[in-house]
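As stored in start_17.cif (mmCIF, C-alpha atoms):
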data_my_file
#
loop_
_atom_site.label_atom_id
_atom_site.label_comp_id
_atom_site.auth_asym_id
_atom_site.auth_seq_id
_atom_site.Cartn_x
_atom_site.Cartn_y
_atom_site.Cartn_z
CA MET A 26 -44.92 43.63 42.03
CA SER A 27 -43.11 46.44 40.24
CA TRP A 28 -41.00 46.33 37.10
CA ASP A 29 -38.64 48.71 35.30
CA THR A 30 -40.08 48.29 31.80
CA VAL A 31 -43.81 47.71 32.32
CA ARG A 32 -46.55 49.12 34.53
CA LEU A 33 -49.70 47.45 35.79
CA ASP A 34 -52.33 49.99 36.81
CA TRP A 35 -55.82 49.43 38.13
CA ASP A 36 -59.08 51.31 37.74
CA GLY A 37 -61.60 49.32 39.73
CA ASN A 38 -61.46 45.80 38.31
CA VAL A 39 -59.88 46.85 34.99
CA ALA A 40 -56.12 46.33 34.73
CA THR A 41 -53.95 48.23 32.24
CA LEU A 42 -50.58 46.78 31.26
CA THR A 43 -48.34 49.47 29.76
CA VAL A 44 -45.06 48.65 28.05
CA ASP A 45 -42.94 51.50 29.39
CA ARG A 46 -39.89 51.92 27.16
CA PRO A 47 -40.83 55.02 25.17
CA GLU A 48 -37.18 55.85 24.51
CA ALA A 49 -36.99 52.56 22.58
CA LEU A 50 -40.48 52.87 21.07
CA ASN A 51 -41.51 50.19 23.58
CA ALA A 52 -39.52 47.51 21.79
CA LEU A 53 -39.61 44.15 23.51
CA ASN A 54 -36.48 42.68 25.10
CA VAL A 55 -36.09 39.73 27.44
CA GLU A 56 -36.62 41.81 30.57
CA THR A 57 -39.78 43.36 29.18
CA LEU A 58 -41.29 40.09 27.98
CA GLU A 59 -40.60 38.44 31.33
CA ALA A 60 -42.15 41.40 33.13
CA MET A 61 -45.20 41.30 30.85
CA GLY A 62 -45.68 37.64 31.64
CA GLU A 63 -45.52 38.32 35.36
CA ALA A 64 -47.90 41.28 35.08
CA ILE A 65 -50.43 39.24 33.10
CA THR A 66 -50.30 36.52 35.76
CA GLU A 67 -50.76 39.09 38.51
CA ALA A 68 -53.77 40.62 36.74
CA ALA A 69 -55.33 37.17 36.38
CA ASP A 70 -54.63 36.29 40.02
CA GLU A 71 -56.27 39.56 41.09
CA ASP A 72 -59.37 38.67 39.05
CA ALA A 73 -59.22 41.51 36.54
CA ARG A 74 -62.50 41.69 34.63
CA ALA A 75 -60.71 43.24 31.64
CA LEU A 76 -57.06 43.72 30.70
CA VAL A 77 -55.87 46.59 28.49
CA LEU A 78 -52.48 46.39 26.75
CA THR A 79 -50.86 49.60 25.51
CA GLY A 80 -47.54 51.40 25.11
CA ALA A 81 -46.10 54.44 26.86
CA GLY A 82 -45.61 57.71 24.99
CA ASP A 83 -47.17 59.10 21.86
CA ASP A 84 -45.23 57.28 19.14
CA ALA A 85 -45.56 53.55 19.63
CA PHE A 86 -47.75 50.78 20.94
CA ILE A 87 -44.93 48.25 20.65
CA ALA A 88 -42.61 48.97 17.74
CA GLY A 89 -41.39 45.38 17.62
CA ALA A 90 -38.77 43.18 19.21
CA ASP A 91 -35.27 44.28 20.19
CA ILE A 92 -33.31 43.73 16.97
CA GLU A 93 -29.99 44.67 18.55
CA TYR A 94 -30.52 41.70 20.88
CA MET A 95 -31.80 39.33 18.19
CA LYS A 96 -29.18 39.87 15.53
CA ASP A 97 -26.53 37.56 16.99
CA LEU A 98 -28.76 34.78 18.33
CA SER A 99 -27.98 31.17 17.49
CA THR A 100 -30.70 28.75 16.45
CA ALA A 101 -30.97 27.46 20.02
CA GLU A 102 -31.14 30.98 21.40
CA GLY A 103 -33.68 31.89 18.74
CA GLN A 104 -35.78 28.97 19.96
CA GLU A 105 -35.71 30.29 23.52
CA TRP A 106 -36.52 33.81 22.30
CA GLY A 107 -39.44 32.54 20.24
CA GLU A 108 -40.75 30.51 23.15
CA LEU A 109 -40.64 33.55 25.44
CA GLY A 110 -42.64 35.68 22.99
CA HIS A 111 -45.12 32.86 22.44
CA ASP A 112 -45.58 32.48 26.17
CA VAL A 113 -46.64 36.12 26.50
CA ALA A 114 -48.88 36.13 23.42
CA ASP A 115 -50.47 32.86 24.52
CA ALA A 116 -51.05 34.30 28.01
CA LEU A 117 -52.92 37.23 26.47
CA GLU A 118 -55.02 34.89 24.34
CA ALA A 119 -55.77 32.60 27.30
CA PHE A 120 -56.33 35.39 29.85
CA PRO A 121 -59.53 34.54 31.75
CA ALA A 122 -61.16 37.89 30.93
CA PRO A 123 -61.28 39.86 27.67
CA THR A 124 -58.12 41.68 26.63
CA ILE A 125 -58.04 44.93 24.66
CA ALA A 126 -55.07 46.27 22.70
CA ALA A 127 -55.06 50.08 22.70
CA VAL A 128 -52.82 50.60 19.68
CA ASN A 129 -51.45 54.11 20.01
CA GLY A 130 -48.76 54.25 17.32
CA TYR A 131 -46.34 51.82 15.69
CA ALA A 132 -47.15 48.13 16.09
CA PHE A 133 -44.64 46.20 14.01
CA GLY A 134 -43.41 42.62 14.20
CA GLY A 135 -43.78 41.40 17.76
CA GLY A 136 -45.93 44.43 18.54
CA CYS A 137 -48.42 43.40 15.88
CA GLU A 138 -48.36 39.86 17.28
CA MET A 139 -49.14 41.06 20.80
CA ALA A 140 -52.02 43.15 19.46
CA ILE A 141 -53.59 40.30 17.49
CA ALA A 142 -53.26 37.97 20.50
CA CYS A 143 -55.71 40.24 22.32
CA ASP A 144 -59.46 39.76 22.00
CA LEU A 145 -60.23 43.29 20.79
CA ARG A 146 -58.19 46.07 19.20
CA VAL A 147 -58.87 49.81 19.21
CA ALA A 148 -56.45 52.05 17.32
CA SER A 149 -55.62 55.72 17.16
CA GLU A 150 -55.75 57.38 13.75
CA SER A 151 -51.95 57.60 13.75
CA ALA A 152 -51.45 53.86 14.36
CA VAL A 153 -49.52 51.79 11.82
CA ILE A 154 -49.37 48.00 12.03
CA GLY A 155 -47.59 45.23 10.18
CA ASN A 156 -45.55 42.05 10.27
CA THR A 157 -42.23 43.34 8.97
CA GLU A 158 -40.00 40.41 9.92
CA ILE A 159 -39.29 39.28 6.34
CA ASP A 160 -37.00 42.29 5.82
CA LEU A 161 -34.91 41.07 8.76
CA GLY A 162 -34.39 37.64 7.22
CA ILE A 163 -36.85 35.91 9.55
CA ILE A 164 -40.59 35.22 9.81
CA PRO A 165 -43.13 36.17 12.47
CA GLY A 166 -42.26 34.06 15.48
CA TRP A 167 -44.89 34.89 18.10
CA GLY A 168 -48.08 33.68 16.49
CA ALA A 169 -48.86 35.83 13.45
CA THR A 170 -48.64 33.03 10.89
CA GLN A 171 -51.57 31.39 12.67
CA ARG A 172 -53.56 34.30 14.13
CA LEU A 173 -53.32 36.87 11.35
CA PRO A 174 -55.11 34.83 8.64
CA GLU A 175 -58.08 34.41 10.97
CA LEU A 176 -58.44 38.17 11.19
CA VAL A 177 -57.72 39.31 7.65
CA GLY A 178 -58.07 36.21 5.47
CA ASP A 179 -55.39 34.15 3.80
CA GLU A 180 -54.56 36.45 0.87
CA THR A 181 -54.14 39.60 2.95
CA ALA A 182 -52.13 37.75 5.61
CA ARG A 183 -49.78 36.37 2.98
CA ARG A 184 -49.29 39.81 1.45
CA MET A 185 -48.59 41.35 4.85
CA ILE A 186 -46.09 38.65 5.79
CA PHE A 187 -44.46 38.04 2.37
CA LEU A 188 -44.06 41.76 1.63
CA GLY A 189 -43.70 43.13 5.14
CA GLU A 190 -46.61 45.45 4.41
CA ARG A 191 -47.46 48.17 6.91
CA LEU A 192 -51.11 49.22 7.14
CA ASP A 193 -52.34 52.55 8.38
CA ALA A 194 -55.13 52.48 10.95
CA GLN A 195 -58.02 52.80 8.52
CA SER A 196 -56.63 50.19 6.13
CA ALA A 197 -56.05 47.83 9.04
CA ALA A 198 -59.62 48.36 10.21
CA GLU A 199 -60.94 47.61 6.73
CA ALA A 200 -58.79 44.46 6.67
CA GLY A 201 -60.28 43.30 9.97
CA ILE A 202 -57.40 43.91 12.38
CA PHE A 203 -58.90 46.86 14.25
CA GLY A 204 -62.47 46.90 15.48
CA GLU A 205 -62.46 50.66 15.92
CA VAL A 206 -60.29 53.63 14.92
CA VAL A 207 -60.59 56.89 16.86
CA ALA A 208 -58.81 60.23 17.05
CA ASP A 209 -55.51 60.06 18.90
CA GLU A 210 -56.72 62.30 21.70
CA VAL A 211 -59.73 60.13 22.56
CA LEU A 212 -58.11 56.67 22.35
CA GLU A 213 -57.60 56.33 26.10
CA ASP A 214 -61.14 57.43 26.94
CA THR A 215 -62.62 55.16 24.28
CA VAL A 216 -60.72 52.12 25.54
CA ASP A 217 -61.55 52.97 29.16
CA GLU A 218 -65.24 53.06 28.32
CA LEU A 219 -65.06 49.78 26.42
CA ALA A 220 -63.18 48.09 29.26
CA GLU A 221 -65.70 49.36 31.79
CA ARG A 222 -68.58 47.99 29.72
CA ILE A 223 -66.88 44.60 29.53
CA ALA A 224 -66.03 44.60 33.24
CA ALA A 225 -69.70 45.25 34.07
CA LYS A 226 -70.80 42.02 32.36
CA PRO A 227 -71.18 38.76 34.35
CA ALA A 228 -67.66 37.45 34.90
CA VAL A 229 -68.44 33.73 34.83
CA ALA A 230 -70.41 34.00 31.60
CA MET A 231 -67.71 36.20 30.06
CA ARG A 232 -65.04 33.64 30.91
CA ALA A 233 -67.16 30.88 29.38
CA ALA A 234 -67.74 32.95 26.24
CA LYS A 235 -64.03 33.56 25.79
CA GLN A 236 -63.14 29.92 26.37
CA ALA A 237 -65.77 28.81 23.88
CA LEU A 238 -64.51 31.25 21.24
CA ASN A 239 -60.93 30.09 21.82
CA GLN A 240 -61.88 26.45 21.22
CA ARG A 241 -61.69 27.07 17.49
CA HIS A 242 -57.91 27.30 17.92
CA GLU A 243 -57.52 23.86 19.43
CA GLY A 244 -55.80 21.22 17.36
CA SER A 245 -54.77 22.68 14.04
CA GLN A 246 -53.70 26.09 15.33
CA SER A 247 -51.64 24.68 18.18
CA ALA A 248 -49.83 22.45 15.69
CA GLY A 249 -49.30 25.48 13.49
CA LEU A 250 -47.91 27.49 16.36
CA GLU A 251 -45.47 24.70 17.21
CA TYR A 252 -44.32 24.63 13.59
CA GLU A 253 -43.91 28.41 13.59
CA LYS A 254 -41.69 28.23 16.66
CA ARG A 255 -39.36 25.74 14.97
CA ALA A 256 -39.27 27.63 11.67
CA PHE A 257 -38.62 30.95 13.43
CA ALA A 258 -35.71 29.55 15.43
CA SER A 259 -34.17 27.83 12.41
CA LEU A 260 -33.64 31.17 10.67
CA PHE A 261 -31.29 32.54 13.35
CA GLY A 262 -27.72 32.18 12.24
CA THR A 263 -28.59 32.24 8.53
CA PRO A 264 -26.79 34.80 6.35
CA ASP A 265 -30.04 36.60 5.53
CA GLN A 266 -31.00 36.94 9.19
CA ARG A 267 -27.58 38.32 10.06
CA GLU A 268 -27.62 40.72 7.12
CA GLY A 269 -31.21 41.85 7.68
CA MET A 270 -30.68 42.71 11.32
CA GLU A 271 -27.21 44.20 10.86
CA ALA A 272 -28.63 46.44 8.13
CA PHE A 273 -31.47 47.52 10.39
CA VAL A 274 -29.11 48.37 13.25
CA GLU A 275 -26.77 50.18 10.84
CA LYS A 276 -29.70 52.03 9.19
CA ARG A 277 -28.98 50.83 5.65
CA ASP A 278 -30.75 48.67 3.05
CA PRO A 279 -30.05 44.96 3.40
CA GLU A 280 -28.29 42.98 0.68
CA PHE A 281 -29.75 39.50 0.88
CA GLU A 282 -28.27 36.45 -0.78
#
Any chance you could put this one into structure tokens?
Amino acid sequence: MSWDTVRLDWDGNVATLTVDRPEALNALNVETLEAMGEAITEAADEDARALVLTGAGDDAFIAGADIEYMKDLSTAEGQEWGELGHDVADALEAFPAPTIAAVNGYAFGGGCEMAIACDLRVASESAVIGNTEIDLGIIPGWGATQRLPELVGDETARRMIFLGERLDAQSAAEAGIFGEVVADEVLEDTVDELAERIAAKPAVAMRAAKQALNQRHEGSQSAGLEYEKRAFASLFGTPDQREGMEAFVEKRDPEFE
């Protein structure tokens, strides 16, 4: 299949999914999320031994979700939007082979959530990551309230989410988000080498290892994710959500109630 906003490229049995909206800093809209879901399914059906997720251009991995689209959503529409993002993040987490986020720039909001849904994360020195949703009058809605504390611990996760903190690559590595930080110019080669090493391992054992690791999420995390979906959707239509997103679109500071 082919899509307008994503690419799925192959190098042997390694698939690379590139969000290809550099003019919008690879922000995620409905079309892009749906295409990502289809591309992830195609990579799984074609038995990819590793899946790399990255963004086109030099500035952004995935700068976040499409705020122009989100700002006028109703609660019901926010529920559908949250479900769509969850579906893609969950597909990355459940992908039968290891997934690697090659974080090559800004990774805010939904971009951060897609990165932390992957198994491994390698960042360029210029990468910046954070859950910045609070300044839009909402909360992370695609898994960060559940996945982020596992990576960075409860205190750091709360600070990132409560304050909308943005971490540079080295700080994020020290916090536990990135497993490796490399110079911008060698990010692609570094990730390619890592993916090739993973793809060379026994596929059946690798699948079993990933499934076993993911078992820790069963039960309490799934309940948490369901709660997050409801809480995320409930904030659409509130005065603070409207003001936060209008202010972002209008490039001014929000004035919350």
### Explicit residue set for the PyMOL selection byres ((chain A and resi 92-95) around 8), as a PyMOL selection string
chain A and resi 54+90-91+96-98+103+270+273-274
Counting all atoms listed in the file, what are the residues of region 72-134 of chain A within 8 Å of region 227-235 of chain A, and for each of them which pair of atoms is the nearest and at what distance in Å, to one decimal? Sort the table by chain and rising number, as a Markdown table.
| residue | atom | partner | partner_atom | distance |
| --- | --- | --- | --- | --- |
| A:Arg74 | CA | A:Ala228 | CA | 6.7 |
| A:Pro121 | CA | A:Arg232 | CA | 5.6 |
| A:Ala122 | CA | A:Arg232 | CA | 5.8 |
| A:Pro123 | CA | A:Lys235 | CA | 7.1 |
### Task
Report as a list of chain:residue names the residues that result from applying the PyMOL selection byres ((chain A and resi 62) around 9) to the structure here.
A:Thr57, A:Leu58, A:Glu59, A:Ala60, A:Met61, A:Glu63, A:Ala64, A:Ile65, A:Thr66, A:Glu67, A:Leu109, A:Asp112, A:Val113, A:Ala114, A:Ala116, A:Leu117
Around (-40.3, 51.1, 29.6) in the file's frame, which residues reach within 7 Å when counting only C-alpha atoms? Return as a short mmCIF file (atom, residue, chain, number, x, y, z; two decimals) with C-alpha atoms, keeping the file's coordinate frame?
data_model
loop_
_atom_site.label_atom_id
_atom_site.label_comp_id
_atom_site.auth_asym_id
_atom_site.auth_seq_id
_atom_site.Cartn_x
_atom_site.Cartn_y
_atom_site.Cartn_z
CA ASP A 29 -38.64 48.71 35.30
CA THR A 30 -40.08 48.29 31.80
CA VAL A 31 -43.81 47.71 32.32
CA VAL A 44 -45.06 48.65 28.05
CA ASP A 45 -42.94 51.50 29.39
CA ARG A 46 -39.89 51.92 27.16
CA PRO A 47 -40.83 55.02 25.17
CA ASN A 51 -41.51 50.19 23.58
#
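With CA of Gly189 (chain A) on one side and CA of Ile159 (chain A) on the other, the separation reads 6.0 Å.
For the atom pair formed by CA of Leu78 (chain A) and CA of Asp193 (chain A), the distance is 19.4 Å, given to one decimal.
Here the question is which of A:Glu102, A:Glu221, A:Glu251, A:Glu180 gets nearest to Asp36 (chain A) using all atoms listed in the file, and that residue is A:Glu221.
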### Message
Taking 3 positions as the minimum chain separation for residues in the same chain, which residues sit within 8 Å of Glu205 (chain A) when counting all atoms listed in the file? Answer as a list in words.
### Response
Arg146, Val147, Ala148 and Ala198 of chain A
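When the PyMOL selection byres ((chain A and resi 250) around 10) is evaluated on the file shown here, the picked residues come out as His111, Gly166, Trp167, Gly168, Ala169, Thr170, Gln171, Arg172, Ser245, Gln246, Ser247, Ala248, Gly249, Glu251, Tyr252, Glu253, Lys254, Arg255 and Ala256 of chain A.
The shortest atom-to-atom distance to Arg183 (chain A), with only C-alpha atoms taken into account, belongs to A:Thr157 out of A:Gly204, A:Val77, A:Glu199, A:Thr157.
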### Task
Provide the CA of Gly162 (chain A) to CA of Ala200 (chain A) distance in Å, to one decimal place.
25.3 Å
Could you please fill out region 171-197 of chain A with N, CA and C atoms and send it back as a compact mmCIF listing (two decimals), in the coordinates of the input?
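The file below, selection.txt, is the result:
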# COMPACT_ATOMS: atom_id res chain seq x y z
N GLN A 171 -50.34 32.12 12.36
CA GLN A 171 -51.57 31.39 12.67
C GLN A 171 -52.74 32.33 12.99
N ARG A 172 -52.47 33.42 13.70
CA ARG A 172 -53.56 34.30 14.13
C ARG A 172 -53.97 35.31 13.06
N LEU A 173 -53.01 35.82 12.31
CA LEU A 173 -53.32 36.87 11.35
C LEU A 173 -54.30 36.42 10.26
N PRO A 174 -54.14 35.23 9.67
CA PRO A 174 -55.11 34.83 8.64
C PRO A 174 -56.54 34.76 9.15
N GLU A 175 -56.73 34.45 10.42
CA GLU A 175 -58.08 34.41 10.97
C GLU A 175 -58.72 35.79 10.98
N LEU A 176 -57.91 36.81 11.13
CA LEU A 176 -58.44 38.17 11.19
C LEU A 176 -58.65 38.77 9.81
N VAL A 177 -57.72 38.56 8.91
CA VAL A 177 -57.72 39.31 7.65
C VAL A 177 -57.94 38.43 6.43
N GLY A 178 -57.98 37.12 6.61
CA GLY A 178 -58.07 36.21 5.47
C GLY A 178 -56.70 35.82 4.96
N ASP A 179 -56.66 34.73 4.22
CA ASP A 179 -55.39 34.15 3.80
C ASP A 179 -54.61 35.07 2.87
N GLU A 180 -55.26 35.63 1.85
CA GLU A 180 -54.56 36.45 0.87
C GLU A 180 -53.91 37.67 1.52
N THR A 181 -54.68 38.39 2.33
CA THR A 181 -54.14 39.60 2.95
C THR A 181 -53.01 39.25 3.92
N ALA A 182 -53.18 38.17 4.68
CA ALA A 182 -52.13 37.75 5.61
C ALA A 182 -50.85 37.42 4.87
N ARG A 183 -50.97 36.72 3.75
CA ARG A 183 -49.78 36.37 2.98
C ARG A 183 -49.10 37.62 2.43
N ARG A 184 -49.88 38.57 1.95
CA ARG A 184 -49.29 39.81 1.45
C ARG A 184 -48.57 40.56 2.56
N MET A 185 -49.21 40.64 3.74
CA MET A 185 -48.59 41.35 4.85
C MET A 185 -47.29 40.69 5.27
N ILE A 186 -47.27 39.36 5.31
CA ILE A 186 -46.09 38.65 5.79
C ILE A 186 -45.03 38.52 4.70
N PHE A 187 -45.43 38.19 3.46
CA PHE A 187 -44.46 38.04 2.37
C PHE A 187 -43.79 39.37 2.03
N LEU A 188 -44.56 40.47 2.06
CA LEU A 188 -44.06 41.76 1.63
C LEU A 188 -43.67 42.68 2.78
N GLY A 189 -43.96 42.26 4.00
CA GLY A 189 -43.70 43.13 5.14
C GLY A 189 -44.54 44.38 5.11
N GLU A 190 -45.77 44.28 4.59
CA GLU A 190 -46.61 45.45 4.41
C GLU A 190 -47.00 46.08 5.75
N ARG A 191 -47.02 47.41 5.76
CA ARG A 191 -47.46 48.17 6.91
C ARG A 191 -48.79 48.85 6.56
N LEU A 192 -49.79 48.66 7.40
CA LEU A 192 -51.11 49.22 7.14
C LEU A 192 -51.38 50.38 8.08
N ASP A 193 -51.90 51.47 7.51
CA ASP A 193 -52.34 52.55 8.38
C ASP A 193 -53.60 52.11 9.10
N ALA A 194 -54.06 52.91 10.06
CA ALA A 194 -55.13 52.48 10.95
C ALA A 194 -56.41 52.17 10.18
N GLN A 195 -56.78 53.02 9.24
CA GLN A 195 -58.02 52.80 8.52
C GLN A 195 -57.95 51.57 7.63
N SER A 196 -56.80 51.39 6.96
CA SER A 196 -56.63 50.19 6.13
C SER A 196 -56.66 48.93 6.97
N ALA A 197 -56.05 48.99 8.15
CA ALA A 197 -56.05 47.83 9.04
C ALA A 197 -57.45 47.53 9.54
